[in-house]
$ cat input-v7.pdb   # PDB, C-alpha atoms
ATOM      1  CA  MET A 193      -2.334 -26.853  -1.119
ATOM      2  CA  LEU A 194      -1.015 -24.095  -3.324
ATOM      3  CA  THR A 195       2.769 -23.780  -3.480
ATOM      4  CA  TYR A 196       4.463 -20.513  -2.554
ATOM      5  CA  SER A 197       7.762 -18.698  -2.487
ATOM      6  CA  ILE A 198       8.759 -15.580  -0.579
ATOM      7  CA  ALA A 199       9.927 -12.304  -2.142
ATOM      8  CA  ILE A 200      11.416  -9.639   0.140
ATOM      9  CA  ARG A 201      12.158  -6.047  -0.876
ATOM     10  CA  THR A 202      14.975  -4.394   1.061
ATOM     11  CA  LEU A 203      17.782  -1.890   1.151
ATOM     12  CA  GLY A 204      19.713  -4.290   3.350
ATOM     13  CA  THR A 205      19.712  -1.836   6.271
ATOM     14  CA  ALA A 206      17.019  -3.266   8.576
ATOM     15  CA  GLY A 207      19.591  -5.147  10.665
ATOM     16  CA  GLU A 208      18.213  -7.205  13.536
ATOM     17  CA  LYS A 209      14.632  -6.867  12.324
ATOM     18  CA  PHE A 210      15.532  -8.405   8.977
ATOM     19  CA  LEU A 211      17.409 -11.139  10.814
ATOM     20  CA  ALA A 212      14.316 -11.846  12.924
ATOM     21  CA  GLU A 213      12.222 -12.045   9.754
ATOM     22  CA  LEU A 214      14.535 -14.558   8.116
ATOM     23  CA  ARG A 215      14.517 -16.689  11.256
ATOM     24  CA  SER A 216      10.719 -16.632  11.335
ATOM     25  CA  ILE A 217      10.666 -17.864   7.736
ATOM     26  CA  THR A 218      12.776 -20.903   8.636
ATOM     27  CA  SER A 219      10.220 -21.794  11.328
ATOM     28  CA  GLN A 220       7.210 -21.931   8.981
ATOM     29  CA  THR A 221       5.167 -25.127   9.225
ATOM     30  CA  VAL A 222       4.696 -24.909   5.443
ATOM     31  CA  GLN A 223       8.069 -24.054   3.971
ATOM     32  CA  PRO A 224       8.442 -21.848   0.869
ATOM     33  CA  GLU A 225       9.962 -23.308  -2.257
ATOM     34  CA  LYS A 226      12.318 -20.320  -2.513
ATOM     35  CA  VAL A 227      13.189 -17.157  -0.588
ATOM     36  CA  VAL A 228      14.329 -14.395  -2.927
ATOM     37  CA  VAL A 229      15.558 -11.069  -1.559
ATOM     38  CA  TYR A 230      15.241  -8.196  -4.038
ATOM     39  CA  ILE A 231      17.818  -5.688  -2.855
ATOM     40  CA  ALA A 232      18.261  -2.217  -4.312
ATOM     41  CA  GLU A 233      21.178  -1.643  -6.658
ATOM     42  CA  GLY A 234      24.089   0.074  -4.929
ATOM     43  CA  TYR A 235      23.386  -1.548  -1.562
ATOM     44  CA  SER A 236      25.345  -4.402  -0.010
ATOM     45  CA  ARG A 237      23.708  -7.603   1.134
ATOM     46  CA  PRO A 238      23.649  -8.146   4.902
ATOM     47  CA  GLY A 239      26.562 -10.052   6.379
ATOM     48  CA  PHE A 240      24.455 -12.987   7.544
ATOM     49  CA  THR A 241      22.632 -15.901   5.961
ATOM     50  CA  VAL A 242      19.894 -17.672   7.891
ATOM     51  CA  GLY A 243      18.288 -20.120   5.482
ATOM     52  CA  LYS A 244      18.082 -20.586   1.739
ATOM     53  CA  GLU A 245      17.588 -16.939   0.803
ATOM     54  CA  GLU A 246      18.925 -15.778  -2.566
ATOM     55  CA  TYR A 247      19.747 -12.167  -3.462
ATOM     56  CA  VAL A 248      18.806 -10.385  -6.675
ATOM     57  CA  TRP A 249      19.794  -6.740  -7.259
ATOM     58  CA  VAL A 250      17.091  -4.593  -8.854
ATOM     59  CA  LYS A 251      16.329  -0.920  -9.388
ATOM     60  CA  LYS A 252      15.742   0.987  -6.159
ATOM     61  CA  GLY A 253      12.191   2.006  -5.306
ATOM     62  CA  MET A 254       9.337   0.632  -3.224
ATOM     63  CA  MET A 255       7.309   0.059  -6.377
ATOM     64  CA  SER A 256      10.266  -1.040  -8.507
ATOM     65  CA  GLN A 257      11.312  -3.628  -5.927
ATOM     66  CA  ARG A 258       7.780  -5.036  -5.716
ATOM     67  CA  VAL A 259       6.485  -4.802  -9.287
ATOM     68  CA  LEU A 260       8.766  -7.400 -10.833
ATOM     69  CA  PRO A 261       8.368 -10.305 -13.288
ATOM     70  CA  TYR A 262       9.483 -12.775 -10.593
ATOM     71  CA  ASP A 263      11.139 -14.980 -13.189
ATOM     72  CA  GLU A 264      13.152 -16.612 -10.404
ATOM     73  CA  ILE A 265       9.937 -17.958  -8.855
ATOM     74  CA  THR A 266       7.844 -20.790 -10.308
ATOM     75  CA  SER A 267       5.475 -21.321  -7.353
ATOM     76  CA  ASP A 268       1.711 -20.772  -7.575
ATOM     77  CA  CYS A 269       1.885 -17.901  -5.084
ATOM     78  CA  VAL A 270       4.321 -15.249  -3.938
ATOM     79  CA  LEU A 271       4.341 -14.013  -0.349
ATOM     80  CA  MET A 272       5.663 -10.474  -0.778
ATOM     81  CA  LEU A 273       7.268  -9.027   2.342
ATOM     82  CA  ASP A 274       9.067  -5.922   3.493
ATOM     83  CA  ASP A 275      12.279  -6.494   5.437
ATOM     84  CA  ASP A 276      10.769  -5.831   8.868
ATOM     85  CA  VAL A 277       7.984  -8.418   9.097
ATOM     86  CA  CYS A 278       7.930 -11.306  11.560
ATOM     87  CA  LEU A 279       5.813 -14.386  10.839
ATOM     88  CA  ALA A 280       4.260 -16.737  13.368
ATOM     89  CA  PRO A 281       5.144 -20.388  12.602
ATOM     90  CA  ASP A 282       1.751 -20.984  10.972
ATOM     91  CA  SER A 283       1.339 -17.587   9.238
ATOM     92  CA  ALA A 284       2.068 -18.830   5.728
ATOM     93  CA  ALA A 285      -0.185 -21.855   6.219
ATOM     94  CA  LYS A 286      -3.068 -19.648   7.407
ATOM     95  CA  LEU A 287      -2.706 -17.221   4.509
ATOM     96  CA  LEU A 288      -2.589 -20.049   1.964
ATOM     97  CA  GLN A 289      -5.635 -21.695   3.541
ATOM     98  CA  ALA A 290      -7.574 -18.414   3.468
ATOM     99  CA  MET A 291      -6.651 -17.942  -0.189
ATOM    100  CA  GLU A 292      -7.796 -21.428  -1.173
ATOM    101  CA  GLU A 293     -10.998 -21.461   0.885
ATOM    102  CA  ASN A 294     -12.127 -18.058  -0.380
ATOM    103  CA  GLY A 295     -10.853 -18.223  -3.950
ATOM    104  CA  ALA A 296      -8.840 -15.044  -3.400
ATOM    105  CA  ASP A 297      -6.277 -13.563  -5.765
ATOM    106  CA  CYS A 298      -4.502 -11.798  -2.897
ATOM    107  CA  VAL A 299      -4.678 -12.071   0.895
ATOM    108  CA  GLY A 300      -3.042  -9.583   3.223
ATOM    109  CA  PRO A 301      -2.580  -9.919   6.975
ATOM    110  CA  ASP A 302      -3.708  -7.186   9.343
ATOM    111  CA  VAL A 303      -0.293  -5.693  10.108
ATOM    112  CA  PHE A 304      -1.125  -2.102  11.095
ATOM    113  CA  LYS A 305      -4.120  -2.918  13.335
ATOM    114  CA  ASN A 306      -5.871   0.420  12.868
ATOM    115  CA  GLN A 307      -8.764  -0.787  15.006
ATOM    116  CA  ASP A 308      -6.426  -1.133  18.007
ATOM    117  CA  MET A 309      -4.972   2.375  17.818
ATOM    118  CA  PRO A 310      -5.404   4.552  20.927
ATOM    119  CA  PHE A 311      -8.358   6.931  20.682
ATOM    120  CA  ARG A 312      -6.103   9.964  20.195
ATOM    121  CA  MET A 313      -4.431   8.272  17.209
ATOM    122  CA  LYS A 314      -7.814   7.479  15.683
ATOM    123  CA  VAL A 315      -8.777  11.122  16.046
ATOM    124  CA  LYS A 316      -5.465  12.158  14.476
ATOM    125  CA  ALA A 317      -6.142   9.845  11.504
ATOM    126  CA  VAL A 318      -9.524  11.491  10.967
ATOM    127  CA  VAL A 319      -8.139  15.013  11.230
ATOM    128  CA  SER A 320      -4.993  14.480   9.162
ATOM    129  CA  ASP A 321      -6.365  12.396   6.281
ATOM    130  CA  LEU A 322     -10.093  11.734   6.849
ATOM    131  CA  VAL A 323      -9.398   8.096   7.728
ATOM    132  CA  PHE A 324     -12.503   6.787   9.507
ATOM    133  CA  PRO A 325     -13.581   3.486  11.034
ATOM    134  CA  HIS A 326     -16.534   1.665   9.494
ATOM    135  CA  PHE A 327     -18.884  -0.918  10.965
ATOM    136  CA  SER A 328     -19.281  -3.385   8.102
ATOM    137  CA  GLY A 329     -19.447  -7.092   8.801
ATOM    138  CA  LYS A 330     -18.198  -7.787   5.269
ATOM    139  CA  TRP A 331     -15.245  -5.484   4.550
ATOM    140  CA  ALA A 332     -11.802  -5.074   6.111
ATOM    141  CA  TYR A 333     -10.787  -1.857   4.313
ATOM    142  CA  LYS A 334     -12.754   0.356   1.956
ATOM    143  CA  VAL A 335     -11.376   2.971  -0.442
ATOM    144  CA  ARG A 336     -13.485   6.108  -0.539
ATOM    145  CA  ARG A 337     -14.100   8.497  -3.421
ATOM    146  CA  ASP A 338     -11.715  11.059  -1.931
ATOM    147  CA  GLY A 339      -8.822   8.562  -2.123
ATOM    148  CA  SER A 340      -8.590   7.916   1.626
ATOM    149  CA  PHE A 341      -9.599   4.638   3.237
ATOM    150  CA  SER A 342     -11.726   3.416   6.110
ATOM    151  CA  TYR A 343     -11.012   0.450   8.380
ATOM    152  CA  ASN A 344     -13.147  -2.100  10.184
ATOM    153  CA  HIS A 345     -13.889  -0.806  13.679
ATOM    154  CA  ARG A 346     -14.174  -4.192  15.383
ATOM    155  CA  PRO A 347     -13.224  -7.117  13.137
ATOM    156  CA  GLU A 348     -13.453 -10.722  14.232
ATOM    157  CA  PRO A 349     -10.283 -12.854  13.959
ATOM    158  CA  ARG A 350     -11.114 -14.212  10.501
ATOM    159  CA  TYR A 351     -10.991 -13.488   6.770
ATOM    160  CA  TYR A 352     -12.815 -10.438   5.362
ATOM    161  CA  LEU A 353     -13.186  -9.136   1.849
ATOM    162  CA  SER A 354     -11.239  -5.934   1.277
ATOM    163  CA  GLN A 355     -10.729  -3.149  -1.239
ATOM    164  CA  SER A 356      -7.077  -2.604  -0.285
ATOM    165  CA  CYS A 357      -4.486  -4.011   2.071
ATOM    166  CA  ALA A 358      -1.193  -2.991   3.635
ATOM    167  CA  GLY A 359       2.140  -3.252   1.841
ATOM    168  CA  PRO A 360       4.454  -4.956   4.381
ATOM    169  CA  ALA A 361       2.977  -8.401   3.663
ATOM    170  CA  GLN A 362       0.786  -9.663   0.815
ATOM    171  CA  LEU A 363       0.211 -13.187  -0.488
ATOM    172  CA  TRP A 364      -0.506 -13.060  -4.229
ATOM    173  CA  LYS A 365      -1.357 -15.665  -6.794
ATOM    174  CA  LYS A 366       1.521 -15.066  -9.149
ATOM    175  CA  GLN A 367      -0.573 -15.040 -12.307
ATOM    176  CA  SER A 368      -3.140 -12.652 -10.795
ATOM    177  CA  PHE A 369      -0.318 -10.275  -9.897
ATOM    178  CA  LYS A 370       1.154 -10.408 -13.407
ATOM    179  CA  ASP A 371      -2.259  -9.905 -15.022
ATOM    180  CA  LEU A 372      -2.705  -6.548 -13.234
ATOM    181  CA  ARG A 373      -0.052  -4.841 -15.381
ATOM    182  CA  LEU A 374       1.264  -3.029 -12.351
ATOM    183  CA  GLU A 375       4.240  -1.812 -14.354
ATOM    184  CA  GLU A 376       1.790   0.896 -15.489
ATOM    185  CA  GLU A 377       1.904   2.253 -11.914
ATOM    186  CA  LEU A 378       5.694   2.607 -11.611
ATOM    187  CA  TRP A 379       5.209   6.357 -12.106
ATOM    188  CA  LEU A 380       4.700   6.581  -8.342
ATOM    189  CA  ASP A 381       8.403   5.862  -7.782
ATOM    190  CA  SER A 382       9.213   9.132  -9.566
ATOM    191  CA  LEU A 383       8.108  10.964  -6.412
ATOM    192  CA  GLU A 384      10.414  11.422  -3.460
ATOM    193  CA  PHE A 385       8.343   8.864  -1.571
ATOM    194  CA  PRO A 386       5.624   6.630  -3.094
ATOM    195  CA  PHE A 387       2.902   7.467  -0.604
ATOM    196  CA  ALA A 388      -0.062   5.008  -0.673
ATOM    197  CA  GLU A 389       1.695   2.599  -3.037
ATOM    198  CA  ASP A 390       0.012  -0.367  -1.341
ATOM    199  CA  ARG A 391      -3.433   1.178  -1.885
ATOM    200  CA  LEU A 392      -2.623   1.952  -5.525
ATOM    201  CA  MET A 393      -1.601  -1.661  -6.154
ATOM    202  CA  THR A 394      -4.279  -3.577  -4.285
ATOM    203  CA  TYR A 395      -7.273  -1.355  -5.129
ATOM    204  CA  LYS A 396      -6.440  -2.016  -8.763
ATOM    205  CA  LEU A 397      -7.121  -5.699  -8.137
ATOM    206  CA  TYR A 398     -10.452  -4.979  -6.457
ATOM    207  CA  LEU A 399     -11.595  -2.421  -9.038
ATOM    208  CA  GLY A 400     -10.761  -4.804 -11.869
ATOM    209  CA  GLY A 401     -12.967  -7.547 -10.447
ATOM    210  CA  GLY A 402     -10.308  -9.532  -8.600
ATOM    211  CA  LYS A 403     -10.845 -10.962  -5.138
ATOM    212  CA  LEU A 404      -8.873  -9.352  -2.339
ATOM    213  CA  GLY A 405      -9.063 -10.214   1.343
ATOM    214  CA  VAL A 406      -7.536  -9.521   4.743
ATOM    215  CA  LEU A 407      -6.888 -12.185   7.379
ATOM    216  CA  TYR A 408      -7.083 -10.788  10.913
ATOM    217  CA  ASP A 409      -5.585 -13.787  12.750
ATOM    218  CA  SER A 410      -2.533 -14.520  10.611
ATOM    219  CA  GLY A 411       0.050 -13.888  13.335
ATOM    220  CA  VAL A 412       2.089 -11.589  11.061
ATOM    221  CA  LYS A 413       3.715  -8.663  12.881
ATOM    222  CA  ASN A 414       5.196  -5.499  11.453
ATOM    223  CA  LEU A 415       8.448  -4.657  13.258
ATOM    224  CA  ASP A 416       8.633  -1.306  11.424
ATOM    225  CA  ALA A 417      12.298  -0.798  10.637
ATOM    226  CA  GLY A 418      11.305   2.217   8.532
ATOM    227  CA  SER A 419      14.382   1.907   6.331
ATOM    228  CA  SER A 420      12.611   3.509   3.363
ATOM    229  CA  SER A 421      10.281   5.913   5.146
ATOM    230  CA  SER A 422      12.560   7.303   7.872
ATOM    231  CA  SER A 423      14.330   9.762   5.582
ATOM    232  CA  PHE A 424      11.001  10.843   4.084
ATOM    233  CA  LYS A 425       9.536  11.530   7.540
ATOM    234  CA  LYS A 426      12.492  13.789   8.304
ATOM    235  CA  SER A 427      12.248  15.675   5.012
ATOM    236  CA  PRO A 428      11.060  19.280   5.357
ATOM    237  CA  ASP A 429       9.331  18.804   1.999
ATOM    238  CA  ARG A 430       7.256  15.816   3.121
ATOM    239  CA  ILE A 431       3.937  17.698   3.230
ATOM    240  CA  ARG A 432       4.291  18.804  -0.391
ATOM    241  CA  VAL A 433       5.270  15.308  -1.533
ATOM    242  CA  ARG A 434       2.469  13.640   0.410
ATOM    243  CA  THR A 435      -0.095  16.107  -0.917
ATOM    244  CA  LEU A 436       1.166  15.655  -4.472
ATOM    245  CA  ALA A 437       1.035  11.853  -4.161
ATOM    246  CA  SER A 438      -2.460  12.017  -2.682
ATOM    247  CA  TYR A 439      -3.685  14.109  -5.608
ATOM    248  CA  LEU A 440      -2.127  11.847  -8.226
ATOM    249  CA  THR A 441      -3.300   8.578  -6.661
ATOM    250  CA  TRP A 442      -6.823   9.970  -6.213
ATOM    251  CA  TRP A 443      -6.948  10.988  -9.881
ATOM    252  CA  ARG A 444      -5.680   7.602 -11.028
ATOM    253  CA  MET A 445      -7.803   5.435  -8.690
ATOM    254  CA  CYS A 446     -11.011   7.394  -8.173
ATOM    255  CA  TYR A 447     -11.456  10.109 -10.785
ATOM    256  CA  HIS A 448     -10.244   8.981 -14.198
ATOM    257  CA  TYR A 449      -9.783   5.242 -13.772
ATOM    258  CA  GLY A 450     -11.081   3.972 -17.090
ATOM    259  CA  GLY A 451     -14.633   3.042 -16.153
ATOM    260  CA  ASP A 452     -15.598   6.485 -14.914
ATOM    261  CA  THR A 453     -18.709   8.400 -15.945
ATOM    262  CA  VAL A 454     -19.800  12.020 -15.636
ATOM    263  CA  GLY A 455     -21.604  11.095 -12.425
ATOM    264  CA  SER A 456     -18.685   9.199 -10.905
ATOM    265  CA  ARG A 457     -16.254  12.006 -11.723
ATOM    266  CA  PHE A 458     -18.583  14.564 -10.151
ATOM    267  CA  ALA A 459     -18.892  12.469  -6.975
ATOM    268  CA  ALA A 460     -15.111  11.959  -6.786
ATOM    269  CA  SER A 461     -14.469  15.674  -7.387
ATOM    270  CA  PHE A 462     -16.944  16.679  -4.698
ATOM    271  CA  ALA A 463     -15.395  14.258  -2.171
ATOM    272  CA  PHE A 464     -11.828  15.262  -2.965
ATOM    273  CA  GLY A 465     -12.748  18.946  -2.949
ATOM    274  CA  PHE A 466     -14.184  18.616   0.558
ATOM    275  CA  LYS A 467     -11.080  16.728   1.695
ATOM    276  CA  SER A 468      -8.795  19.370   0.159
ATOM    277  CA  LEU A 469     -10.628  22.232   1.870
ATOM    278  CA  TRP A 470     -10.634  20.371   5.172
ATOM    279  CA  LEU A 471      -6.884  19.761   4.989
ATOM    280  CA  LEU A 472      -6.328  23.407   3.984
ATOM    281  CA  LEU A 473      -8.046  24.386   7.229
ATOM    282  CA  VAL A 474      -5.989  21.852   9.201
ATOM    283  CA  MET A 475      -2.726  23.101   7.680
ATOM    284  CA  THR A 476      -3.689  26.713   8.374
ATOM    285  CA  VAL A 477      -4.337  25.955  12.047
ATOM    286  CA  LEU A 478      -1.116  23.936  12.257
ATOM    287  CA  ALA A 479       0.875  26.769  10.696
ATOM    288  CA  ILE A 480      -0.527  29.267  13.205
ATOM    289  CA  VAL A 481       0.100  26.986  16.185
ATOM    290  CA  ARG A 482       3.672  26.224  15.072
ATOM    291  CA  LEU A 483       4.326  29.759  13.793
ATOM    292  CA  ASP A 484       5.657  28.071  10.672
ATOM    293  CA  PHE A 485       3.777  28.950   7.503
ATOM    294  CA  LYS A 486       5.932  26.604   5.410
ATOM    295  CA  VAL A 487       3.466  23.922   6.497
ATOM    296  CA  LEU A 488       0.668  25.743   4.697
ATOM    297  CA  THR A 489       2.683  26.769   1.642
ATOM    298  CA  SER A 490       4.005  23.199   1.231
ATOM    299  CA  TYR A 491       0.460  21.874   1.226
ATOM    300  CA  ILE A 492      -0.683  24.436  -1.346
ATOM    301  CA  LYS A 493       2.374  23.761  -3.546
ATOM    302  CA  GLY A 494       1.757  20.018  -3.469
ATOM    303  CA  TRP A 495      -1.927  20.435  -4.319
ATOM    304  CA  MET A 496      -1.221  22.826  -7.195
ATOM    305  CA  GLU A 497       1.526  20.606  -8.551
ATOM    306  CA  GLY A 498      -0.798  17.597  -8.466
ATOM    307  CA  ARG A 499      -3.560  19.448 -10.294
ATOM    308  CA  ASN A 500      -1.155  20.792 -12.922
ATOM    309  CA  ARG A 501       0.400  17.386 -13.565
ATOM    310  CA  CYS A 502      -2.974  15.714 -14.012
ATOM    311  CA  ARG A 503      -4.257  18.438 -16.332
ATOM    312  CA  SER A 504      -1.073  18.404 -18.391
ATOM    313  CA  GLY A 505      -1.512  14.740 -19.306
ATOM    314  CA  PHE A 506       0.725  13.132 -16.681
ATOM    315  CA  PHE A 507      -1.087   9.812 -17.160
ATOM    316  CA  ASP A 508      -1.390   9.972 -20.944
ATOM    317  CA  GLY A 509      -0.119   6.817 -22.584
ATOM    318  CA  LEU A 510      -0.919   4.548 -19.631
ATOM    319  CA  ALA A 511      -3.484   1.795 -19.868
ATOM    320  CA  PRO A 512      -6.700   2.446 -17.901
ATOM    321  CA  TYR A 513      -6.341   1.847 -14.181
ATOM    322  CA  ARG A 514      -9.404  -0.421 -14.122
ATOM    323  CA  LEU A 515      -8.578  -3.386 -16.293
ATOM    324  CA  ASN A 516     -10.989  -5.749 -18.017
ATOM    325  CA  ARG A 517     -10.094  -9.163 -16.613
ATOM    326  CA  ASN A 518     -11.803 -10.836 -19.550
ATOM    327  CA  GLU A 519      -9.389  -9.383 -22.099
TER     328      GLU A 519
END
$ encode --input "input-v7.pdb" --output "structure tokens"
Amino acid sequence: MLTYSIAIRTLGTAGEKFLAELRSITSQTVQPEKVVVYIAEGYSRPGFTVGKEEYVWVKKGMMSQRVLPYDEITSDCVLMLDDDVCLAPDSAAKLLQAMEENGADCVGPDVFKNQDMPFRMKVKAVVSDLVFPHFSGKWAYKVRRDGSFSYNHRPEPRYYLSQSCAGPAQLWKKQSFKDLRLEEELWLDSLEFPFAEDRLMTYKLYLGGGKLGVLYDSGVKNLDAGSSSSSFKKSPDRIRVRTLASYLTWWRMCYHYGGDTVGSRFAASFAFGFKSLWLLLVMTVLAIVRLDFKVLTSYIKGWMEGRNRCRSGFFDGLAPYRLNRNE
């Protein structure tokens, strides 16, 4: 079986949820060779030690604390975790088995369980970001031309191919991760919050010809400490930042990705234009209902800022998003 180590990104503020995660790691039937905690500079390590975890201080940022050289790790694979994930005793073994049996470069567990959301939450996902279910027997998640994603409506408890996967837990072959040149995507950390960073990272693997999958019966649970996202959710500027990030990630992933053609750019523009007009309508209605037109102006500001950045050469100097794996 492939060897693996665990890499955890944290601010050190998840408390009991981080403690529960570390305890779940010690109970794994297949133990990691190392457990390395990449904590943001300026933050103190928690006052407890559960197993053999080591701490390494790195630059703060969800992307910066994930896109690392991992020089401390020599294993075949790296199980990358947030600090609020709890593993079943056989989670690592199941993920490794799925990777080996399917020849995958990355396998993610189903941590957000979109298919199990209450109906009202599914409707909200459609209205707020055009996130739809799909009925494919092959795919877990698909990335659409407008930059949003769709999820499997009724998956079986098994491995599926995928075009993206969630950020709280991902098992990567270390060399496949390094070959993606994800340091080219650290620009996302320049925003107040790196919205859709997991999609930006994992879709790059799929688009470049790598093999990405999702395992629906891994036993991995997301405890959702929200240590990084809680302040963003409270920010009055969150709509502008989210809209800006959506524009930039769409441009990078779907519009001008390096293998695009006139036809593909037209299709992506049409899809994103429809999404933008739909969300403009949603924000207008929301502003009227709340009697708060900052909602609408924040959306417009974010959209305009995204367009201006892309047209001004924001991505100039970066390697193409879609990489040639044969290079």
$ atom_distance --input "input-v7.pdb" --atom1 "atom CA of A:Ser197" --atom2 "atom CA of A:Leu214"
13.2 Å
$ residues_around --input "input-v7.pdb" --residues "A:Tyr408" --least-positions-apart "6" --cutoff "7 Å" --atoms "only C-alpha atoms" --output "JSON, numbers by chain"
{"A": [301, 302, 349, 350, 351]}
$ residues_around --input "input-v7.pdb" --residues "stretch 308-319 of chain A" --least-positions-apart "6" --cutoff "10 Å" --atoms "all atoms listed in the file" --output "list in words"
Pro325, Ser342, His345, Arg346, Trp470, Leu471 and Val474 of chain A
$ resolve_selection --input "input-v7.pdb" --expression "the PyMOL selection byres ((chain A and resi 441-445) around 8)" --output "list in words"
Arg337, Asp338, Gly339, Ala388, Leu392, Tyr395, Lys396, Ala437, Ser438, Tyr439, Leu440, Cys446, Tyr447, His448, Tyr449, Phe464, Cys502, Phe507 and Tyr513 of chain A
$ residues_around --input "input-v7.pdb" --residues "A:Ser410" --least-positions-apart "6" --cutoff "10 Å" --atoms "only C-alpha atoms" --output "list in words"
Leu279, Ala280, Pro281, Asp282, Ser283, Ala284, Ala285, Lys286, Leu287, Ala290, Gly300, Pro301, Asp302, Val303, Pro349, Arg350 and Tyr351 of chain A
$ axis_aligned_box --input "input-v7.pdb" --around "stretch 509-516 of chain A" --padding-each-side "6 Å" --output "lines of an AutoDock Vina configuration file"
center_x = -5.6
center_y = 0.5
center_z = -18.4
size_x = 22.9
size_y = 24.6
size_z = 20.5
